[in-house]
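As stored in query-v5.cif (mmCIF, C-alpha atoms and all ligand atoms):
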data_coords
#
loop_
_atom_site.label_atom_id
_atom_site.label_comp_id
_atom_site.auth_asym_id
_atom_site.auth_seq_id
_atom_site.Cartn_x
_atom_site.Cartn_y
_atom_site.Cartn_z
CA MET A 97 117.99 92.92 83.10
CA SER A 98 121.20 93.40 85.04
CA LEU A 99 124.49 94.15 83.34
CA PHE A 100 127.46 92.29 84.76
CA GLY A 101 131.21 92.68 84.47
CA CYS A 102 133.02 89.34 84.18
CA ILE A 103 136.75 88.89 84.71
CA GLU A 104 138.75 85.72 84.23
CA ALA A 105 142.05 86.78 85.79
CA GLY A 106 144.71 84.43 84.44
CA GLY A 107 148.46 84.33 84.80
CA THR A 108 149.03 85.07 81.11
CA LYS A 109 145.91 87.05 80.25
CA PHE A 110 142.78 88.55 81.70
CA VAL A 111 139.55 87.91 79.78
CA VAL A 112 137.14 90.73 80.54
CA GLY A 113 133.51 90.77 79.52
CA VAL A 114 130.31 92.76 79.88
CA GLY A 115 126.86 91.30 79.38
CA THR A 116 123.48 90.36 80.77
CA SER A 117 123.76 86.68 79.76
CA PRO A 118 126.05 84.35 77.79
CA ASP A 119 124.22 85.42 74.62
CA ASP A 120 125.27 89.06 74.66
CA LEU A 121 128.61 88.80 76.48
CA GLN A 122 131.28 90.93 74.79
CA THR A 123 134.85 90.16 75.78
CA ILE A 124 138.38 91.42 75.29
CA SER A 125 141.70 89.93 76.32
CA VAL A 126 144.27 91.95 78.27
CA PRO A 127 147.81 90.61 78.81
CA THR A 128 148.82 90.01 82.41
CA THR A 129 151.71 92.40 83.00
CA SER A 130 151.89 94.50 86.17
CA PRO A 131 148.77 94.84 88.34
CA ALA A 132 148.62 98.61 87.69
CA ALA A 133 148.88 98.31 83.89
CA THR A 134 146.57 95.31 83.57
CA LEU A 135 143.87 96.56 85.92
CA GLU A 136 143.88 100.00 84.30
CA LYS A 137 142.94 98.36 80.98
CA VAL A 138 140.37 96.09 82.61
CA ILE A 139 138.70 98.98 84.42
CA SER A 140 138.66 101.27 81.40
CA PHE A 141 137.03 98.55 79.25
CA LEU A 142 134.31 97.99 81.86
CA ARG A 143 133.73 101.76 82.18
CA GLN A 144 133.65 102.25 78.44
CA LYS A 145 131.19 99.39 77.82
CA ALA A 146 128.96 99.83 80.84
CA GLY A 147 129.43 103.34 82.17
CA ARG A 148 127.68 103.39 85.53
CA GLU A 149 125.21 100.68 84.53
CA LEU A 150 127.08 97.70 85.99
CA SER A 151 125.17 95.83 88.68
CA ALA A 152 128.13 93.77 89.89
CA VAL A 153 131.45 92.34 88.78
CA GLY A 154 132.57 88.72 89.15
CA VAL A 155 136.23 87.74 89.26
CA GLY A 156 137.68 84.24 88.92
CA ALA A 157 141.37 84.66 89.70
CA PHE A 158 144.60 82.71 89.54
CA GLY A 159 145.87 82.23 93.02
CA PRO A 160 146.30 81.37 95.71
CA VAL A 161 143.66 83.89 96.76
CA ASP A 162 142.33 84.86 100.18
CA LEU A 163 138.60 84.10 100.43
CA ARG A 164 138.13 84.44 104.21
CA PRO A 165 135.97 87.49 104.99
CA GLU A 166 137.56 87.90 108.42
CA SER A 167 141.07 88.11 107.00
CA PRO A 168 142.92 91.42 106.53
CA THR A 169 143.96 90.24 103.06
CA PHE A 170 140.45 89.08 102.04
CA GLY A 171 140.03 89.59 98.26
CA TYR A 172 143.78 89.51 97.62
CA ILE A 173 145.95 87.32 95.44
CA THR A 174 148.44 86.12 98.05
CA SER A 175 151.55 83.93 97.69
CA THR A 176 151.64 83.58 93.90
CA PRO A 177 154.97 82.84 92.22
CA LYS A 178 154.21 85.87 90.01
CA VAL A 179 156.17 88.33 92.12
CA GLU A 180 154.46 91.53 90.99
CA TRP A 181 151.06 90.10 91.90
CA GLN A 182 151.96 88.93 95.39
CA GLN A 183 149.61 90.54 97.92
CA CYS A 184 147.68 92.32 95.14
CA ASP A 185 144.38 93.65 96.54
CA LEU A 186 142.60 92.71 93.31
CA ALA A 187 138.97 92.70 94.45
CA TRP A 188 139.38 95.94 96.42
CA THR A 189 141.07 97.80 93.56
CA LEU A 190 138.12 96.88 91.34
CA GLN A 191 135.62 97.79 94.03
CA ARG A 192 137.17 101.23 94.61
CA ALA A 193 137.32 101.99 90.89
CA LEU A 194 133.89 100.68 89.88
CA GLU A 195 131.91 101.06 93.12
CA VAL A 196 129.87 97.90 92.61
CA PRO A 197 129.72 94.61 94.52
CA ILE A 198 132.57 92.26 93.56
CA GLY A 199 132.09 88.47 93.57
CA PHE A 200 135.51 86.90 93.99
CA ASP A 201 136.71 83.30 93.79
CA THR A 202 139.39 81.10 92.25
CA ASP A 203 139.53 80.72 88.47
CA VAL A 204 138.61 77.05 88.71
CA ASN A 205 135.75 77.60 91.16
CA ALA A 206 134.44 80.20 88.72
CA ALA A 207 134.73 77.74 85.84
CA ALA A 208 132.90 75.13 87.92
CA ALA A 209 130.15 77.69 88.61
CA GLY A 210 129.87 78.42 84.88
CA GLU A 211 129.69 74.74 83.97
CA ALA A 212 127.11 74.20 86.74
CA ARG A 213 124.89 76.93 85.35
CA TRP A 214 125.22 76.50 81.59
CA GLY A 215 127.52 73.54 80.89
CA ALA A 216 128.54 70.02 81.81
CA GLY A 217 127.56 70.47 85.47
CA ARG A 218 123.89 71.33 84.83
CA GLY A 219 121.64 69.38 87.19
CA ILE A 220 124.65 67.69 88.84
CA PRO A 221 125.10 68.76 92.47
CA ASP A 222 128.47 67.02 92.91
CA PHE A 223 131.18 67.41 90.32
CA ILE A 224 134.71 68.68 89.94
CA TYR A 225 136.24 70.96 87.36
CA LEU A 226 139.95 70.47 86.70
CA THR A 227 142.17 72.58 84.48
CA VAL A 228 145.39 71.14 83.07
CA GLY A 229 147.41 73.97 81.56
CA THR A 230 150.33 76.07 82.74
CA GLY A 231 149.32 74.84 86.18
CA ILE A 232 146.80 72.29 87.42
CA GLY A 233 143.90 73.39 89.58
CA GLY A 234 140.49 72.16 90.54
CA GLY A 235 137.19 73.47 91.82
CA ALA A 236 134.67 71.22 93.51
CA MET A 237 130.90 71.55 93.62
CA VAL A 238 129.56 69.55 96.56
CA ASN A 239 125.82 69.45 97.29
CA GLY A 240 125.44 72.30 94.82
CA GLU A 241 127.94 74.53 96.65
CA LEU A 242 131.52 75.39 95.80
CA ILE A 243 133.97 74.10 98.38
CA HIS A 244 136.02 76.77 100.14
CA GLY A 245 136.84 75.58 103.62
CA MET A 246 140.12 76.64 105.16
CA LEU A 247 141.42 78.17 101.92
CA HIS A 248 140.22 76.62 98.67
CA PRO A 249 141.08 73.28 97.15
CA GLU A 250 144.57 72.99 95.63
CA MET A 251 143.98 69.81 93.67
CA GLY A 252 147.06 70.31 91.51
CA HIS A 253 149.31 69.79 94.50
CA VAL A 254 148.21 66.33 95.61
CA ARG A 255 151.12 63.91 95.87
CA ILE A 256 151.32 61.28 93.16
CA PRO A 257 153.20 57.94 93.13
CA HIS A 258 156.26 58.63 90.98
CA ASN A 259 158.44 55.81 89.75
CA LEU A 260 161.79 57.46 89.01
CA ALA A 261 163.05 54.35 87.21
CA GLU A 262 160.27 54.81 84.67
CA ASP A 263 160.05 58.61 84.65
CA ALA A 264 163.34 60.26 85.58
CA TYR A 265 161.94 63.80 85.32
CA PRO A 266 162.09 65.06 88.91
CA GLY A 267 159.02 67.31 88.62
CA GLY A 268 158.73 71.07 88.35
CA CYS A 269 156.72 72.31 91.34
CA PRO A 270 158.80 74.82 93.33
CA TYR A 271 157.12 73.63 96.55
CA HIS A 272 156.77 69.84 96.10
CA GLN A 273 158.69 68.99 92.97
CA ASP A 274 156.71 65.90 91.89
CA CYS A 275 153.15 66.72 92.94
CA LEU A 276 150.48 66.35 90.21
CA GLU A 277 151.15 69.83 88.82
CA GLY A 278 154.90 69.22 89.02
CA LEU A 279 154.55 66.06 86.94
CA ALA A 280 151.62 66.68 84.61
CA SER A 281 151.21 70.41 83.83
CA GLY A 282 151.97 71.63 80.30
CA PRO A 283 155.37 73.04 81.36
CA ALA A 284 156.20 69.71 83.09
CA MET A 285 155.53 67.88 79.81
CA GLN A 286 157.69 70.36 77.97
CA ALA A 287 160.55 70.04 80.49
CA ARG A 288 160.39 66.21 80.46
CA TRP A 289 160.21 65.69 76.72
CA GLY A 290 162.00 68.81 75.47
CA ALA A 291 159.06 69.90 73.31
CA ALA A 292 155.74 71.64 73.89
CA ALA A 293 152.88 69.24 74.59
CA GLN A 294 151.00 70.31 71.47
CA SER A 295 153.96 69.29 69.29
CA LEU A 296 154.19 65.71 70.61
CA PRO A 297 152.68 63.14 68.20
CA ASP A 298 149.71 61.08 69.36
CA ASP A 299 151.75 57.87 69.58
CA HIS A 300 154.40 59.50 71.82
CA PRO A 301 154.81 57.81 75.23
CA ALA A 302 154.22 61.23 76.81
CA TRP A 303 150.47 60.77 76.52
CA ALA A 304 150.19 57.43 78.32
CA LEU A 305 152.26 58.82 81.18
CA GLU A 306 150.17 62.00 81.25
CA ALA A 307 146.95 59.96 81.31
CA ARG A 308 148.31 57.89 84.19
CA TYR A 309 149.25 60.88 86.33
CA LEU A 310 145.93 62.62 85.69
CA ALA A 311 143.99 59.40 86.40
CA LEU A 312 145.87 59.04 89.71
CA GLY A 313 144.66 62.52 90.63
CA LEU A 314 141.10 61.72 89.54
CA ALA A 315 141.10 58.44 91.49
CA THR A 316 141.94 60.43 94.62
CA TRP A 317 138.93 62.68 94.13
CA VAL A 318 136.61 59.81 93.22
CA CYS A 319 137.47 58.35 96.61
CA THR A 320 137.39 61.59 98.61
CA LEU A 321 134.65 63.76 97.05
CA SER A 322 132.54 61.14 95.28
CA PRO A 323 131.77 63.41 92.33
CA GLU A 324 129.12 62.42 89.81
CA ARG A 325 131.14 63.88 86.96
CA MET A 326 134.65 65.19 86.29
CA VAL A 327 135.08 68.06 83.83
CA LEU A 328 138.62 68.44 82.46
CA GLY A 329 139.66 71.62 80.69
CA GLY A 330 142.80 73.67 80.03
CA GLY A 331 145.36 73.72 77.22
CA VAL A 332 146.72 70.19 77.67
CA MET A 333 143.21 68.70 77.47
CA GLN A 334 142.87 70.18 73.99
CA ASN A 335 144.52 66.91 73.00
CA THR A 336 141.19 65.09 73.20
CA ASN A 337 142.90 61.73 72.72
CA LEU A 338 143.69 62.01 76.43
CA PHE A 339 140.04 61.53 77.40
CA PRO A 340 139.70 57.83 76.46
CA MET A 341 143.16 57.12 77.88
CA ILE A 342 142.34 58.78 81.20
CA ARG A 343 138.96 57.00 81.46
CA LYS A 344 140.55 53.60 80.90
CA GLU A 345 143.35 54.28 83.34
CA LEU A 346 140.95 55.58 85.98
CA LEU A 347 138.89 52.37 85.82
CA ARG A 348 142.09 50.30 85.96
CA LEU A 349 143.33 52.16 89.04
CA LEU A 350 140.02 51.86 90.89
CA ASN A 351 140.13 48.16 90.05
CA GLY A 352 136.43 47.42 90.37
CA TYR A 353 136.18 48.62 93.96
CA ILE A 354 133.67 51.38 93.37
CA HIS A 355 130.34 50.17 92.02
CA ALA A 356 128.39 53.11 90.68
CA ASN A 357 126.68 53.50 87.35
CA PRO A 358 128.00 56.90 86.34
CA LEU A 359 131.53 55.57 86.75
CA LEU A 360 131.22 52.07 85.38
CA ASP A 361 128.51 52.15 82.72
CA GLN A 362 128.83 55.73 81.60
CA ILE A 363 132.52 56.42 81.88
CA ASP A 364 132.38 58.45 78.63
CA ALA A 365 129.94 60.81 80.33
CA TYR A 366 131.85 60.69 83.64
CA VAL A 367 135.17 62.21 82.50
CA VAL A 368 134.26 64.94 80.02
CA PRO A 369 135.49 68.20 78.47
CA PRO A 370 133.85 71.49 79.51
CA GLU A 371 130.70 72.21 77.52
CA LEU A 372 131.50 75.91 77.66
CA GLY A 373 134.99 75.30 76.22
CA ASN A 374 137.32 78.21 76.85
CA ARG A 375 134.39 80.42 77.94
CA ALA A 376 133.88 78.46 81.19
CA GLY A 377 136.01 80.89 83.22
CA VAL A 378 134.52 84.14 81.99
CA LEU A 379 130.95 82.81 82.11
CA GLY A 380 131.69 81.52 85.60
CA ALA A 381 132.68 85.06 86.52
CA MET A 382 129.22 86.13 85.34
CA VAL A 383 127.68 83.62 87.75
CA LEU A 384 129.84 85.04 90.57
CA ALA A 385 128.70 88.56 89.67
CA GLU A 386 125.06 87.58 89.61
CA HIS A 387 125.43 85.75 92.91
CA ILE A 388 126.97 88.72 94.70
CA PHE A 389 124.34 91.00 93.17
CA ARG A 390 121.56 88.82 94.57
CA ASN A 391 123.22 88.90 98.01
CA PRO A 392 123.81 92.63 98.55
CA SER A 393 124.76 92.21 102.18
CA ALA A 394 127.63 89.89 101.25
CA ARG A 395 130.99 91.61 101.36
CA ILE A 396 133.49 91.51 98.50
CA GLY A 397 134.47 87.91 97.99
CA ALA A 398 132.27 86.56 100.74
CA PRO A 399 132.25 82.78 100.62
CA LEU A 400 129.64 81.68 98.18
CA ALA A 401 126.61 80.22 99.83
CA GLY A 402 122.89 79.85 99.39
CA GLU A 403 120.44 77.20 98.36
CA ASP A 404 120.77 76.29 94.71
CA ALA A 405 122.97 79.31 94.21
CA TRP A 406 124.43 77.94 91.01
CA ARG A 407 121.41 76.97 89.05
P1 LIG B 501 146.83 78.80 81.18
O1 LIG B 501 147.01 77.64 82.09
O2 LIG B 501 147.97 79.79 81.25
O3 LIG B 501 145.49 79.44 81.26
P2 LIG B 501 146.36 76.96 78.99
O4 LIG B 501 145.24 76.36 79.75
O5 LIG B 501 146.14 77.32 77.55
O6 LIG B 501 146.93 78.26 79.67
O7 LIG B 501 147.57 75.93 79.07
C1 LIG B 501 148.79 76.17 78.45
C2 LIG B 501 149.51 74.82 78.30
O8 LIG B 501 148.74 73.97 77.47
C3 LIG B 501 150.89 74.93 77.68
O9 LIG B 501 151.82 74.26 78.51
C4 LIG B 501 150.74 74.25 76.32
O10 LIG B 501 151.91 73.53 75.99
C5 LIG B 501 149.57 73.31 76.53
N1 LIG B 501 148.79 73.12 75.30
C6 LIG B 501 148.23 74.07 74.52
N2 LIG B 501 147.60 73.52 73.46
C7 LIG B 501 147.75 72.20 73.56
C8 LIG B 501 147.33 71.07 72.77
N3 LIG B 501 146.62 71.22 71.66
N4 LIG B 501 147.66 69.84 73.20
C9 LIG B 501 148.37 69.68 74.34
N5 LIG B 501 148.81 70.69 75.10
C10 LIG B 501 148.51 71.94 74.73
ZN ZN B 502 153.08 71.29 94.17
#
Show this structure as structure tokens.
Ligand code: ADP
Ligand code: ZN
Amino acid sequence: MSLFGCIEAGGTKFVVGVGTSPDDLQTISVPTTSPAATLEKVISFLRQKAGRELSAVGVGAFGPVDLRPESPTFGYITSTPKVEWQQCDLAWTLQRALEVPIGFDTDVNAAAAGEARWGAGRGIPDFIYLTVGTGIGGGAMVNGELIHGMLHPEMGHVRIPHNLAEDAYPGGCPYHQDCLEGLASGPAMQARWGAAAQSLPDDHPAWALEARYLALGLATWVCTLSPERMVLGGGVMQNTNLFPMIRKELLRLLNGYIHANPLLDQIDAYVVPPELGNRAGVLGAMVLAEHIFRNPSARIGAPLAGEDAWR
């Protein structure tokens, strides 16, 4: 059995694991400080646990990241607002230190890969994974493949109808102000209401507004990607009361136009939490590692491809 290194590279912490399968995965958490300090800890954990036995390492990273093999900054974190991490050659640093193939993708594509293999995306070739936390991001599985395209999806930055008379908060995205992330991320809730999302009571108007903004995003992807399921994770979705509110609002927004059973008759199974919970990202990194291991000719971070690669 192959031993894989799994890294969920987040903006606040890195979750690092070693294992052959979800059953024996051992993880630690390393705070995200400077690239040098964080990666030193990540690398020493992997060396200590696996020595030279690692077959491959998978990395699901906060971004934006460069996933184009022909690019000079392929395998890098690029224009992140986290200044110290701008232009960090993350995948290459790991490759030089560990001398194994590195599978590299966005954090949300990794989570989608994990859910596809072991979670809410099993047997479903078309679904999206959305995280609603410090930021909002999405990964899309289409025909059993993760979408990359020109860059990678940036679902958190879709534009959302914003009625300023009803919601005077201008939005917090440094690029777009009131895009979905600007209006509906955890920090946006905190800035609008003056309290952390987890401290707002269930009957607070914050939740209906949050459900509306998220449902507007989901309606966009229902109409563009035609997913068979939508998996919603991240800190804000820990308030599970949001699920029924989002489902209802999504159906209201679509207004009967789309006639499809998974949406209409099984809405409770259409918009769902991740089955892997907060392990989706790190287990997704295991899928990325296994994928790159099975494709030895693929370069670090090569776009993920291959028939049924995720199952
Ligand atoms: P990150 O995006 O950094 O990985 P999380 O996904 O945990 O982190 O998201 C952090 C955000 O989630 C914070 O803005 C926090 O206020 C919010 N959050 C955490 N727990 C809850 C909760 N139980 N209900 C609603 N919001 C929460
Ligand atoms: Zn934005």
| query | What lies within 6 Å of Gly156 (chain A) using all atoms listed in the file, ignoring chain neighbours under 4 positions off, as a list of chain:residue names? | reply |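 Everything that qualifies: A:Glu104, A:Ala105, A:Asp201, A:Thr202, A:Asp203, A:Ala206, A:Ala381.
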| request: Name the residues, by chain letter and number, that sit within 9 Å of ligand LIG 501 (chain B) using all atoms listed in the file, and give them as a ChimeraX atom specification. | output: /A:106-109,158,227-232,281-286,291-296,329-336,374
| Residue among A:Phe200, A:Phe141, A:Trp289, A:Tyr271 lying closest to ligand ZN 502 (chain B), counting all atoms listed in the file | A:Tyr271
| task | Considering all atoms listed in the file, state which residue in the set A:Arg255, A:Arg308, A:Lys344, A:Arg148 is at the smallest distance from ligand ZN 502 (chain B). | result |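 Comparing A:Arg255, A:Arg308, A:Lys344, A:Arg148 against ligand ZN 502 (chain B), the winner is A:Arg255.
One distance worth recording is that between CA of Pro301 (chain A) and CA of Met341 (chain A), which is 12.0 Å.
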Within 6 Å of ligand ZN 502 (chain B), which residues show up when you count only C-alpha atoms and all ligand atoms? List them as an mmCIF file with C-alpha atoms, in the frame of the given file, please.
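The result, stored in out_2.cif:
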data_model
loop_
_atom_site.group_PDB
_atom_site.id
_atom_site.type_symbol
_atom_site.label_atom_id
_atom_site.label_comp_id
_atom_site.auth_asym_id
_atom_site.auth_seq_id
_atom_site.Cartn_x
_atom_site.Cartn_y
_atom_site.Cartn_z
ATOM 1 C CA HIS A 253 149.310 69.790 94.500
ATOM 2 C CA CYS A 269 156.720 72.310 91.340
ATOM 3 C CA TYR A 271 157.120 73.630 96.550
ATOM 4 C CA HIS A 272 156.770 69.840 96.100
ATOM 5 C CA CYS A 275 153.150 66.720 92.940
ATOM 6 C CA GLU A 277 151.150 69.830 88.820
ATOM 7 C CA GLY A 278 154.900 69.220 89.020
#
Could you give me the centre and size, in Å to one decimal, of an axis-aligned box around all listed atoms of region 137-140 of chain A with 8 Å added on every side, as AutoDock Vina command-line options?
--center_x 140.8 --center_y 98.7 --center_z 82.7 --size_x 20.3 --size_y 21.2 --size_z 19.4
| Exercise: Ala365 (chain A) partners within 10 Å, only C-alpha atoms, chain neighbours under 3 positions left out, as an MDAnalysis selection string | chainID A and resid 216 324:327 343 358:359 361:362 368:369
| task | Could you check which of A:Val196, A:Ile256, A:Ala187, A:Leu346 is closest to Phe100 (chain A), using only C-alpha atoms? | result |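 With only C-alpha atoms as the atom set, the closest residue is A:Val196.
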